[in-house]
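Asker: Coordinates in target.pdb, PDB, C-alpha atoms and all ligand atoms, are listed below.
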```
MODEL        1
ATOM      1  CA  MET L1411       0.000   0.000   0.000
ATOM      2  CA  LYS L1412       1.293   3.459  -0.856
ATOM      3  CA  GLN L1413       1.752   5.612   2.211
ATOM      4  CA  SER L1414       0.178   8.555   0.374
ATOM      5  CA  ILE L1415      -3.305   7.035   0.628
ATOM      6  CA  LEU L1416      -3.163   6.965   4.445
ATOM      7  CA  ALA L1417      -5.363   9.951   5.210
ATOM      8  CA  ASN L1418      -8.818   9.786   6.792
ATOM      9  CA  TYR L1419     -11.276  12.667   7.095
ATOM     10  CA  HIS L1420     -14.212  10.780   8.554
ATOM     11  CA  CYS L1421     -14.387   9.578  12.173
ATOM     12  CA  HIS L1422     -16.726   9.746  15.164
ATOM     13  CA  SER L1423     -15.726   9.813  18.848
ATOM     14  CA  ARG L1424     -17.677   9.307  22.078
ATOM     15  CA  LEU L1425     -18.785  12.951  21.759
ATOM     16  CA  ASP L1426     -21.270  11.822  19.085
ATOM     17  CA  ASP L1427     -22.000   8.188  18.209
ATOM     18  CA  GLY L1428     -18.487   6.745  18.190
ATOM     19  CA  HIS L1429     -16.253   5.200  20.851
ATOM     20  CA  GLY L1430     -13.089   6.618  22.330
ATOM     21  CA  GLU L1431     -11.666  10.090  22.801
ATOM     22  CA  LEU L1432     -10.409  12.290  19.959
ATOM     23  CA  GLY L1433      -6.911  11.720  21.404
ATOM     24  CA  ASP L1434      -7.355   7.942  21.037
ATOM     25  CA  TYR L1435      -7.955   8.497  17.312
ATOM     26  CA  VAL L1436      -4.758  10.520  17.006
ATOM     27  CA  ARG L1437      -2.735   7.807  18.743
ATOM     28  CA  ALA L1438      -4.259   5.096  16.540
ATOM     29  CA  ALA L1439      -3.602   7.220  13.441
ATOM     30  CA  LEU L1440       0.076   7.587  14.393
ATOM     31  CA  GLN L1441       0.348   3.869  15.038
ATOM     32  CA  LYS L1442      -1.129   3.097  11.623
ATOM     33  CA  GLY L1443       1.127   5.587   9.859
ATOM     34  CA  LEU L1444      -1.590   8.030   8.758
ATOM     35  CA  HIS L1445      -0.169  11.365   7.616
ATOM     36  CA  THR L1446      -3.509  13.197   7.920
ATOM     37  CA  LEU L1447      -6.552  12.783  10.152
ATOM     38  CA  GLY L1448      -9.710  14.889   9.980
ATOM     39  CA  PHE L1449     -12.175  14.974  12.883
ATOM     40  CA  SER L1450     -15.761  14.902  11.635
ATOM     41  CA  GLY L1451     -18.207  14.585  14.525
ATOM     42  CA  HIS L1452     -21.887  14.838  13.583
ATOM     43  CA  ALA L1453     -22.845  18.518  13.839
ATOM     44  CA  PRO L1454     -25.562  19.253  16.427
ATOM     45  CA  VAL L1455     -29.123  19.401  15.058
ATOM     46  CA  PRO L1456     -32.020  21.389  16.543
ATOM     47  CA  PHE L1457     -34.129  18.331  17.421
ATOM     48  CA  ASP L1458     -33.725  15.156  19.487
ATOM     49  CA  CYS L1459     -31.112  12.930  17.902
ATOM     50  CA  ASP L1460     -28.971  10.357  19.666
ATOM     51  CA  TRP L1461     -26.079  10.272  17.216
ATOM     52  CA  THR L1462     -25.112  13.934  16.842
ATOM     53  CA  ILE L1463     -22.864  15.980  19.170
ATOM     54  CA  PRO L1464     -25.202  17.560  21.750
ATOM     55  CA  SER L1465     -25.060  21.359  21.326
ATOM     56  CA  PRO L1466     -23.607  21.944  24.815
ATOM     57  CA  LEU L1467     -20.683  19.623  23.952
ATOM     58  CA  LEU L1468     -19.726  21.353  20.691
ATOM     59  CA  PRO L1469     -17.250  23.751  22.377
ATOM     60  CA  GLU L1470     -15.542  20.781  24.073
ATOM     61  CA  TYR L1471     -15.308  18.996  20.717
ATOM     62  CA  LEU L1472     -13.818  21.997  18.923
ATOM     63  CA  ASP L1473     -11.460  22.949  21.760
ATOM     64  CA  THR L1474     -10.147  19.403  22.143
ATOM     65  CA  ALA L1475      -9.688  18.961  18.395
ATOM     66  CA  ARG L1476      -7.847  22.290  18.051
ATOM     67  CA  ARG L1477      -5.643  21.577  21.042
ATOM     68  CA  LEU L1478      -4.660  18.180  19.595
ATOM     69  CA  LYS L1479      -3.973  19.784  16.220
ATOM     70  CA  ASN L1480      -1.502  22.102  17.844
ATOM     71  CA  THR L1481       0.079  19.526  20.158
ATOM     72  CA  TYR L1482       0.712  16.996  17.393
ATOM     73  CA  ARG L1483       1.490  19.419  14.553
ATOM     74  CA  ASP L1484       5.013  18.073  14.037
ATOM     75  CA  ARG L1485       3.888  14.452  13.859
ATOM     76  CA  ILE L1486       0.592  14.363  11.958
ATOM     77  CA  GLU L1487      -1.641  16.792  10.113
ATOM     78  CA  LEU L1488      -4.910  17.113  12.037
ATOM     79  CA  LEU L1489      -7.923  18.905  10.587
ATOM     80  CA  VAL L1490     -10.993  20.052  12.486
ATOM     81  CA  GLY L1491     -14.262  19.428  10.694
ATOM     82  CA  LEU L1492     -17.840  18.308  11.121
ATOM     83  CA  GLU L1493     -20.163  15.958   9.264
ATOM     84  CA  VAL L1494     -23.132  18.242   8.653
ATOM     85  CA  ASP L1495     -26.614  17.074   7.718
ATOM     86  CA  TYR L1496     -28.432  18.453   4.731
ATOM     87  CA  ILE L1497     -32.030  18.936   5.835
ATOM     88  CA  PRO L1498     -33.630  21.784   3.880
ATOM     89  CA  GLU L1499     -35.075  24.491   6.177
ATOM     90  CA  ILE L1500     -33.253  22.984   9.188
ATOM     91  CA  ILE L1501     -29.501  22.654   8.599
ATOM     92  CA  THR L1502     -27.030  22.529   5.700
ATOM     93  CA  PRO L1503     -23.231  22.540   5.456
ATOM     94  CA  ALA L1504     -23.486  26.177   4.320
ATOM     95  CA  ALA L1505     -25.566  27.375   7.303
ATOM     96  CA  ALA L1506     -24.292  30.627   8.801
ATOM     97  CA  HIS L1507     -23.699  29.084  12.234
ATOM     98  CA  ILE L1508     -21.594  26.305  10.669
ATOM     99  CA  ARG L1509     -19.530  28.743   8.595
ATOM    100  CA  ALA L1510     -18.961  30.830  11.708
ATOM    101  CA  LEU L1511     -17.070  27.904  13.281
ATOM    102  CA  ASN L1512     -14.172  28.359  10.806
ATOM    103  CA  LEU L1513     -13.761  24.641  10.295
ATOM    104  CA  ASP L1514     -10.952  23.168   8.221
ATOM    105  CA  PHE L1515     -13.523  21.185   6.228
ATOM    106  CA  THR L1516     -17.103  19.917   6.154
ATOM    107  CA  ILE L1517     -18.568  16.599   5.106
ATOM    108  CA  GLY L1518     -22.112  17.038   3.779
ATOM    109  CA  SER L1519     -24.431  14.068   4.267
ATOM    110  CA  VAL L1520     -28.052  13.249   3.556
ATOM    111  CA  HIS L1521     -29.238  11.055   6.440
ATOM    112  CA  PHE L1522     -32.846  12.247   6.622
ATOM    113  CA  VAL L1523     -35.527  11.959   3.958
ATOM    114  CA  GLY L1524     -39.104  12.938   4.850
ATOM    115  CA  ARG L1525     -41.097  12.637   8.071
ATOM    116  CA  LEU L1526     -42.729   9.781   9.963
ATOM    117  CA  ASN L1527     -46.369   9.896  11.052
ATOM    118  CA  GLY L1528     -45.444  11.340  14.446
ATOM    119  CA  GLY L1529     -43.657  14.248  12.726
ATOM    120  CA  GLU L1530     -40.119  13.089  13.476
ATOM    121  CA  LEU L1531     -37.605  12.962  10.654
ATOM    122  CA  TRP L1532     -36.975   9.596   8.996
ATOM    123  CA  THR L1533     -33.338   8.558   8.744
ATOM    124  CA  VAL L1534     -32.206   6.239   5.968
ATOM    125  CA  ASP L1535     -29.147   5.406   8.108
ATOM    126  CA  GLY L1536     -31.069   3.270  10.625
ATOM    127  CA  PRO L1537     -31.574  -0.480  11.025
ATOM    128  CA  PRO L1538     -33.779  -2.470   8.588
ATOM    129  CA  GLU L1539     -36.951  -2.015  10.635
ATOM    130  CA  GLU L1540     -36.554   1.762  10.494
ATOM    131  CA  THR L1541     -36.240   1.648   6.720
ATOM    132  CA  GLU L1542     -39.392  -0.463   6.601
ATOM    133  CA  ARG L1543     -41.316   1.985   8.780
ATOM    134  CA  GLY L1544     -40.004   5.103   7.051
ATOM    135  CA  LEU L1545     -40.890   3.759   3.640
ATOM    136  CA  ALA L1546     -44.429   2.919   4.745
ATOM    137  CA  GLU L1547     -45.116   6.137   6.631
ATOM    138  CA  THR L1548     -43.240   8.631   4.486
ATOM    139  CA  PHE L1549     -43.636   7.292   0.966
ATOM    140  CA  ARG L1550     -46.515   4.784   1.316
ATOM    141  CA  GLY L1551     -44.089   1.996   0.544
ATOM    142  CA  ASP L1552     -43.015   3.537  -2.757
ATOM    143  CA  ILE L1553     -39.262   2.863  -2.788
ATOM    144  CA  ARG L1554     -38.733   4.671  -6.069
ATOM    145  CA  ARG L1555     -40.148   7.904  -4.636
ATOM    146  CA  ALA L1556     -38.006   7.556  -1.511
ATOM    147  CA  VAL L1557     -34.839   6.942  -3.515
ATOM    148  CA  GLU L1558     -35.567   9.782  -5.925
ATOM    149  CA  GLU L1559     -36.193  12.127  -2.995
ATOM    150  CA  TYR L1560     -32.866  11.055  -1.470
ATOM    151  CA  TYR L1561     -30.932  11.830  -4.664
ATOM    152  CA  SER L1562     -32.776  15.065  -5.279
ATOM    153  CA  ARG L1563     -31.690  16.186  -1.783
ATOM    154  CA  MET L1564     -28.135  15.089  -2.587
ATOM    155  CA  THR L1565     -28.269  17.100  -5.824
ATOM    156  CA  ALA L1566     -29.622  20.174  -4.022
ATOM    157  CA  MET L1567     -27.004  19.882  -1.276
ATOM    158  CA  VAL L1568     -24.153  19.787  -3.769
ATOM    159  CA  ALA L1569     -25.556  22.657  -5.813
ATOM    160  CA  THR L1570     -26.505  24.971  -2.952
ATOM    161  CA  ALA L1571     -24.297  24.095   0.020
ATOM    162  CA  ALA L1572     -21.146  22.596  -1.593
ATOM    163  CA  PRO L1573     -19.484  20.809   1.336
ATOM    164  CA  ASP L1574     -15.778  20.014   0.910
ATOM    165  CA  ILE L1575     -16.573  16.302   0.985
ATOM    166  CA  ILE L1576     -19.721  14.399   0.011
ATOM    167  CA  GLY L1577     -20.497  11.738   2.628
ATOM    168  CA  HIS L1578     -21.525   8.199   1.602
ATOM    169  CA  PHE L1579     -23.064   9.225  -1.731
ATOM    170  CA  ASP L1580     -25.431   6.235  -2.054
ATOM    171  CA  LEU L1581     -26.316   5.659   1.612
ATOM    172  CA  ILE L1582     -29.922   5.063   0.521
ATOM    173  CA  LYS L1583     -28.856   1.517  -0.415
ATOM    174  CA  LYS L1584     -27.849   0.725   3.186
ATOM    175  CA  ASN L1585     -30.678  -1.744   3.822
ATOM    176  CA  ASN L1586     -30.938  -2.872   0.209
ATOM    177  CA  ARG L1587     -28.766  -5.976   0.656
ATOM    178  CA  ASP L1588     -29.293  -8.450  -2.211
ATOM    179  CA  GLY L1589     -31.518  -5.916  -3.954
ATOM    180  CA  LYS L1590     -34.246  -6.261  -1.323
ATOM    181  CA  TYR L1591     -36.002  -3.046  -2.358
ATOM    182  CA  PHE L1592     -34.637  -2.111  -5.774
ATOM    183  CA  SER L1593     -32.136  -3.053  -8.462
ATOM    184  CA  GLU L1594     -29.240  -0.685  -9.044
ATOM    185  CA  GLU L1595     -29.621  -1.623 -12.694
ATOM    186  CA  ALA L1596     -33.112  -0.131 -12.969
ATOM    187  CA  SER L1597     -33.092   2.725 -15.455
ATOM    188  CA  TRP L1598     -34.876   5.071 -13.029
ATOM    189  CA  TYR L1599     -32.184   4.385 -10.385
ATOM    190  CA  ARG L1600     -29.358   5.002 -12.834
ATOM    191  CA  ALA L1601     -31.031   8.230 -13.973
ATOM    192  CA  ALA L1602     -31.362   9.532 -10.393
ATOM    193  CA  VAL L1603     -27.702   8.723  -9.655
ATOM    194  CA  SER L1604     -26.642  10.272 -12.938
ATOM    195  CA  ARG L1605     -28.415  13.563 -12.233
ATOM    196  CA  ALA L1606     -26.777  13.786  -8.819
ATOM    197  CA  LEU L1607     -23.331  12.983 -10.283
ATOM    198  CA  ASP L1608     -23.724  15.700 -12.903
ATOM    199  CA  ALA L1609     -24.271  18.161 -10.049
ATOM    200  CA  VAL L1610     -21.185  16.815  -8.247
ATOM    201  CA  ALA L1611     -19.091  17.205 -11.402
ATOM    202  CA  ALA L1612     -20.182  20.842 -11.678
ATOM    203  CA  SER L1613     -19.269  21.499  -8.035
ATOM    204  CA  PRO L1614     -15.947  21.770  -6.183
ATOM    205  CA  CYS L1615     -16.872  18.829  -3.904
ATOM    206  CA  ILE L1616     -14.700  15.751  -3.351
ATOM    207  CA  LEU L1617     -16.662  12.490  -3.287
ATOM    208  CA  GLU L1618     -15.562  10.064  -0.580
ATOM    209  CA  VAL L1619     -15.185   6.340  -1.052
ATOM    210  CA  ASN L1620     -16.599   5.355   2.337
ATOM    211  CA  THR L1621     -15.543   1.936   3.614
ATOM    212  CA  GLY L1622     -17.651   2.179   6.802
ATOM    213  CA  GLY L1623     -20.478  -0.051   5.575
ATOM    214  CA  ILE L1624     -17.948  -2.858   5.198
ATOM    215  CA  VAL L1625     -15.731  -2.054   8.188
ATOM    216  CA  ARG L1626     -18.695  -1.951  10.577
ATOM    217  CA  ASN L1627     -20.739  -4.407   8.504
ATOM    218  CA  THR L1628     -23.780  -2.154   8.539
ATOM    219  CA  SER L1629     -24.442  -2.645   4.830
ATOM    220  CA  GLY L1630     -21.614  -4.933   3.701
ATOM    221  CA  ALA L1631     -21.062  -2.582   0.760
ATOM    222  CA  LEU L1632     -18.759   0.200  -0.323
ATOM    223  CA  TYR L1633     -20.291   3.678  -0.699
ATOM    224  CA  PRO L1634     -20.631   4.305  -3.531
ATOM    225  CA  SER L1635     -20.968   1.157  -5.630
ATOM    226  CA  GLU L1636     -18.187   0.425  -8.106
ATOM    227  CA  TRP L1637     -20.297   1.244 -11.159
ATOM    228  CA  ILE L1638     -20.956   4.682  -9.656
ATOM    229  CA  LEU L1639     -17.204   5.198  -9.191
ATOM    230  CA  ALA L1640     -16.738   4.393 -12.869
ATOM    231  CA  GLU L1641     -19.332   7.070 -13.658
ATOM    232  CA  CYS L1642     -17.401   9.457 -11.385
ATOM    233  CA  LEU L1643     -14.195   8.862 -13.335
ATOM    234  CA  LYS L1644     -15.999   9.581 -16.620
ATOM    235  CA  ARG L1645     -16.974  12.946 -15.145
ATOM    236  CA  ASN L1646     -13.515  13.641 -13.643
ATOM    237  CA  ILE L1647     -14.951  13.793 -10.132
ATOM    238  CA  PRO L1648     -12.198  13.914  -7.476
ATOM    239  CA  VAL L1649     -12.338  11.134  -4.884
ATOM    240  CA  MET L1650     -10.774  10.304  -1.506
ATOM    241  CA  ILE L1651     -10.906   7.232   0.755
ATOM    242  CA  ASN L1652     -12.458   7.492   4.242
ATOM    243  CA  SER L1653     -13.466   4.780   6.709
ATOM    244  CA  ASP L1654     -16.214   6.583   8.697
ATOM    245  CA  ALA L1655     -14.515   5.113  11.785
ATOM    246  CA  HIS L1656     -16.592   4.776  14.945
ATOM    247  CA  ARG L1657     -13.664   3.136  16.788
ATOM    248  CA  PRO L1658      -9.993   4.184  16.563
ATOM    249  CA  GLU L1659      -8.931   0.770  15.228
ATOM    250  CA  GLN L1660     -11.188   1.272  12.179
ATOM    251  CA  LEU L1661      -9.223   4.257  10.858
ATOM    252  CA  ASP L1662      -7.609   2.428   7.931
ATOM    253  CA  GLY L1663     -10.247  -0.276   7.498
ATOM    254  CA  TYR L1664     -10.529  -1.696   3.952
ATOM    255  CA  TYR L1665      -8.121   0.951   2.571
ATOM    256  CA  VAL L1666      -5.967  -1.496   0.617
ATOM    257  CA  GLU L1667      -9.042  -2.975  -1.051
ATOM    258  CA  ALA L1668     -10.635   0.408  -1.776
ATOM    259  CA  ALA L1669      -7.411   1.639  -3.376
ATOM    260  CA  ARG L1670      -7.250  -1.517  -5.497
ATOM    261  CA  ILE L1671     -10.840  -1.051  -6.624
ATOM    262  CA  LEU L1672     -10.213   2.584  -7.585
ATOM    263  CA  LYS L1673      -7.103   1.614  -9.553
ATOM    264  CA  GLY L1674      -9.025  -1.135 -11.289
ATOM    265  CA  ILE L1675     -11.615   1.423 -12.363
ATOM    266  CA  GLY L1676      -8.867   3.667 -13.736
ATOM    267  CA  TYR L1677      -8.301   6.265 -11.034
ATOM    268  CA  ARG L1678      -4.619   7.172 -10.640
ATOM    269  CA  GLU L1679      -4.824   9.579  -7.729
ATOM    270  CA  LEU L1680      -6.849  10.664  -4.739
ATOM    271  CA  THR L1681      -7.670  14.247  -3.831
ATOM    272  CA  GLN L1682      -6.923  15.083  -0.207
ATOM    273  CA  ILE L1683      -7.230  18.177   1.929
ATOM    274  CA  GLY L1684      -4.249  19.611   3.775
ATOM    275  CA  GLY L1685      -3.671  22.726   5.815
ATOM    276  CA  GLU L1686      -2.616  24.498   2.623
ATOM    277  CA  GLY L1687      -5.607  23.352   0.604
ATOM    278  CA  ARG L1688      -6.121  20.444  -1.743
ATOM    279  CA  ARG L1689      -3.435  18.096  -2.924
ATOM    280  CA  ARG L1690      -3.177  14.978  -5.019
ATOM    281  CA  ALA L1691      -2.031  11.655  -3.660
ATOM    282  CA  ALA L1692      -0.832   8.839  -5.895
ATOM    283  CA  LEU L1693      -2.853   5.635  -5.666
TER     284      LEU L1693
HETATM  285 ZN    ZN Q1701     -22.976   9.785   7.885
HETATM  286 ZN    ZN Q1702     -20.043   9.552   9.541
ENDMDL
END
```
Just give me the structure of the file as structure tokens.
Ligand SMILES: [Zn+2]
Ligand SMILES: [Zn+2]
Answerer:
Amino acid sequence: MKQSILANYHCHSRLDDGHGELGDYVRAALQKGLHTLGFSGHAPVPFDCDWTIPSPLLPEYLDTARRLKNTYRDRIELLVGLEVDYIPEIITPAAAHIRALNLDFTIGSVHFVGRLNGGELWTVDGPPEETERGLAETFRGDIRRAVEEYYSRMTAMVATAAPDIIGHFDLIKKNNRDGKYFSEEASWYRAAVSRALDAVAASPCILEVNTGGIVRNTSGALYPSEWILAECLKRNIPVMINSDAHRPEQLDGYYVEAARILKGIGYRELTQIGGEGRRRAAL
């Protein structure tokens, strides 16, 4: 494995829904030989949510991350970011209060699509039974409408809020193991993906290859699927590898395989973020 690929911009500590302290991630990153680590706790949201950083803990998160960045600056490049939800009317990566934090980077993610009968937001990042319920209550069981809504939110996020990094581009497939709900070969699915990718290509965003679904076995699949990565290459979309680590030991999970897959598709380099801006890293 080339050392240049060992950067990770996507991890979660005990301050949101991960395990371990931010410092534990730095120590694991050093042990694994990472040259860059970005902190990306889930940004607080203005409603009950058990996997985001609670608002009162945000200062602790930012202070700790910035202190570590300074302490370790001669040994590893640390960047302070957040994974920010895109929920129109509620929060986006471009929200004024997010910009005011002067982060080193943002990951923009679509986790929520529509509302359940009780009014609470439906997350597509939950367990299978939550997908079942959300589909029934939000889209009357119409998977195509749910998927199209997901990608239209993704498209709008990229076009209007341009995060530095696009989180798990096709997360909507999380509970679609063995094509339970839809086939990725369906022409309507390919069209929805294609529209979103065209928006990505027209934006400055970097699309992450997220190995978390495999590393944590939540979906058993890479985000995005390989055929989508081939479509990304056709559009010259810059990509990076992240593991969406929820434990320090997951920081480089499935990196060798992801790099091999990208090379097989024809990618020759990754696009990473450093203190000085973007840089290319040989695959
Ligand atoms: Zn996420
Ligand atoms: Zn994440």
Asker: What are the centre and edge lengths in Å, to one decimal, of the axis-aligned box around all listed atoms of region 1591-1605 of chain L with 3 Å added on each side, as lines of an AutoDock Vina configuration file?
Answerer:
```
center_x = -31.3
center_y = 5.3
center_z = -8.9
size_x = 15.4
size_y = 22.6
size_z = 19.1
```
Asker: Around ligand ZN 1702 (chain Q), out to 12 Å and counting all atoms listed in the file, which residues are there? I want them as a JSON list (two decimals) with C-alpha atoms, in the frame of the given file.
Answerer:
```json
[["chain", "number", "residue", "atom", "x", "y", "z"],
["L", 1418, "ASN", "CA", -8.82, 9.79, 6.79],
["L", 1419, "TYR", "CA", -11.28, 12.67, 7.10],
["L", 1420, "HIS", "CA", -14.21, 10.78, 8.55],
["L", 1421, "CYS", "CA", -14.39, 9.58, 12.17],
["L", 1422, "HIS", "CA", -16.73, 9.75, 15.16],
["L", 1423, "SER", "CA", -15.73, 9.81, 18.85],
["L", 1426, "ASP", "CA", -21.27, 11.82, 19.08],
["L", 1427, "ASP", "CA", -22.00, 8.19, 18.21],
["L", 1428, "GLY", "CA", -18.49, 6.74, 18.19],
["L", 1448, "GLY", "CA", -9.71, 14.89, 9.98],
["L", 1449, "PHE", "CA", -12.18, 14.97, 12.88],
["L", 1450, "SER", "CA", -15.76, 14.90, 11.64],
["L", 1451, "GLY", "CA", -18.21, 14.58, 14.52],
["L", 1452, "HIS", "CA", -21.89, 14.84, 13.58],
["L", 1453, "ALA", "CA", -22.84, 18.52, 13.84],
["L", 1461, "TRP", "CA", -26.08, 10.27, 17.22],
["L", 1462, "THR", "CA", -25.11, 13.93, 16.84],
["L", 1463, "ILE", "CA", -22.86, 15.98, 19.17],
["L", 1491, "GLY", "CA", -14.26, 19.43, 10.69],
["L", 1492, "LEU", "CA", -17.84, 18.31, 11.12],
["L", 1493, "GLU", "CA", -20.16, 15.96, 9.26],
["L", 1494, "VAL", "CA", -23.13, 18.24, 8.65],
["L", 1495, "ASP", "CA", -26.61, 17.07, 7.72],
["L", 1516, "THR", "CA", -17.10, 19.92, 6.15],
["L", 1517, "ILE", "CA", -18.57, 16.60, 5.11],
["L", 1518, "GLY", "CA", -22.11, 17.04, 3.78],
["L", 1519, "SER", "CA", -24.43, 14.07, 4.27],
["L", 1520, "VAL", "CA", -28.05, 13.25, 3.56],
["L", 1521, "HIS", "CA", -29.24, 11.06, 6.44],
["L", 1535, "ASP", "CA", -29.15, 5.41, 8.11],
["L", 1575, "ILE", "CA", -16.57, 16.30, 0.98],
["L", 1576, "ILE", "CA", -19.72, 14.40, 0.01],
["L", 1577, "GLY", "CA", -20.50, 11.74, 2.63],
["L", 1578, "HIS", "CA", -21.52, 8.20, 1.60],
["L", 1579, "PHE", "CA", -23.06, 9.22, -1.73],
["L", 1581, "LEU", "CA", -26.32, 5.66, 1.61],
["L", 1618, "GLU", "CA", -15.56, 10.06, -0.58],
["L", 1620, "ASN", "CA", -16.60, 5.36, 2.34],
["L", 1621, "THR", "CA", -15.54, 1.94, 3.61],
["L", 1622, "GLY", "CA", -17.65, 2.18, 6.80],
["L", 1623, "GLY", "CA", -20.48, -0.05, 5.58],
["L", 1626, "ARG", "CA", -18.70, -1.95, 10.58],
["L", 1633, "TYR", "CA", -20.29, 3.68, -0.70],
["L", 1652, "ASN", "CA", -12.46, 7.49, 4.24],
["L", 1653, "SER", "CA", -13.47, 4.78, 6.71],
["L", 1654, "ASP", "CA", -16.21, 6.58, 8.70],
["L", 1655, "ALA", "CA", -14.52, 5.11, 11.78],
["L", 1656, "HIS", "CA", -16.59, 4.78, 14.94],
["L", 1657, "ARG", "CA", -13.66, 3.14, 16.79]]
```
Asker: I'd like the neighbourhood of Tyr1677 (chain L) as a list in words, where a residue qualifies if any of its atoms comes within 10 Å (using all atoms listed in the file), though same-chain residues fewer than 3 positions away should be ignored.
Answerer: Leu1639, Ala1640, Cys1642, Leu1643, Asn1646, Pro1648, Val1649, Ala1669, Arg1670, Ile1671, Leu1672, Lys1673, Gly1674, Leu1680, Ala1692 and Leu1693 of chain L
Asker: Between L:Tyr1665, L:Tyr1591, L:Trp1532, L:Phe1522, which has the minimum distance to ligand ZN 1701 (chain Q) (counting only C-alpha atoms and all ligand atoms)?
Answerer: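 Going through L:Tyr1665, L:Tyr1591, L:Trp1532, L:Phe1522 one by one, the smallest distance to ligand ZN 1701 (chain Q) is for L:Phe1522.
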Asker: Could you check how far CA of Leu1478 (chain L) sits from CA of Asp1574 (chain L), in Å to one decimal?
Answerer: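 Computed distance, CA of Leu1478 (chain L) to CA of Asp1574 (chain L), equals 21.8 Å.
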Asker: Evaluating the PyMOL selection byres (((chain L and resi 1489) around 12) and not hetatm) on the displayed file yields which residues, as a short mmCIF file (atom, residue, chain, number, x, y, z; two decimals) with C-alpha atoms, in the frame of the given file?
Answerer:
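This is the output file out_20.cif:
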```
data_model
loop_
_atom_site.label_atom_id
_atom_site.label_comp_id
_atom_site.auth_asym_id
_atom_site.auth_seq_id
_atom_site.Cartn_x
_atom_site.Cartn_y
_atom_site.Cartn_z
CA ALA L 1417 -5.36 9.95 5.21
CA ASN L 1418 -8.82 9.79 6.79
CA TYR L 1419 -11.28 12.67 7.10
CA HIS L 1420 -14.21 10.78 8.55
CA CYS L 1421 -14.39 9.58 12.17
CA LEU L 1432 -10.41 12.29 19.96
CA VAL L 1436 -4.76 10.52 17.01
CA HIS L 1445 -0.17 11.36 7.62
CA THR L 1446 -3.51 13.20 7.92
CA LEU L 1447 -6.55 12.78 10.15
CA GLY L 1448 -9.71 14.89 9.98
CA PHE L 1449 -12.18 14.97 12.88
CA SER L 1450 -15.76 14.90 11.64
CA GLY L 1451 -18.21 14.58 14.52
CA LEU L 1472 -13.82 22.00 18.92
CA THR L 1474 -10.15 19.40 22.14
CA ALA L 1475 -9.69 18.96 18.40
CA ARG L 1476 -7.85 22.29 18.05
CA ARG L 1477 -5.64 21.58 21.04
CA LEU L 1478 -4.66 18.18 19.60
CA LYS L 1479 -3.97 19.78 16.22
CA ASN L 1480 -1.50 22.10 17.84
CA TYR L 1482 0.71 17.00 17.39
CA ARG L 1483 1.49 19.42 14.55
CA ILE L 1486 0.59 14.36 11.96
CA GLU L 1487 -1.64 16.79 10.11
CA LEU L 1488 -4.91 17.11 12.04
CA VAL L 1490 -10.99 20.05 12.49
CA GLY L 1491 -14.26 19.43 10.69
CA LEU L 1492 -17.84 18.31 11.12
CA ASN L 1512 -14.17 28.36 10.81
CA LEU L 1513 -13.76 24.64 10.30
CA ASP L 1514 -10.95 23.17 8.22
CA PHE L 1515 -13.52 21.18 6.23
CA THR L 1516 -17.10 19.92 6.15
CA GLN L 1682 -6.92 15.08 -0.21
CA ILE L 1683 -7.23 18.18 1.93
CA GLY L 1684 -4.25 19.61 3.78
CA GLY L 1685 -3.67 22.73 5.82
CA GLU L 1686 -2.62 24.50 2.62
CA GLY L 1687 -5.61 23.35 0.60
#
```
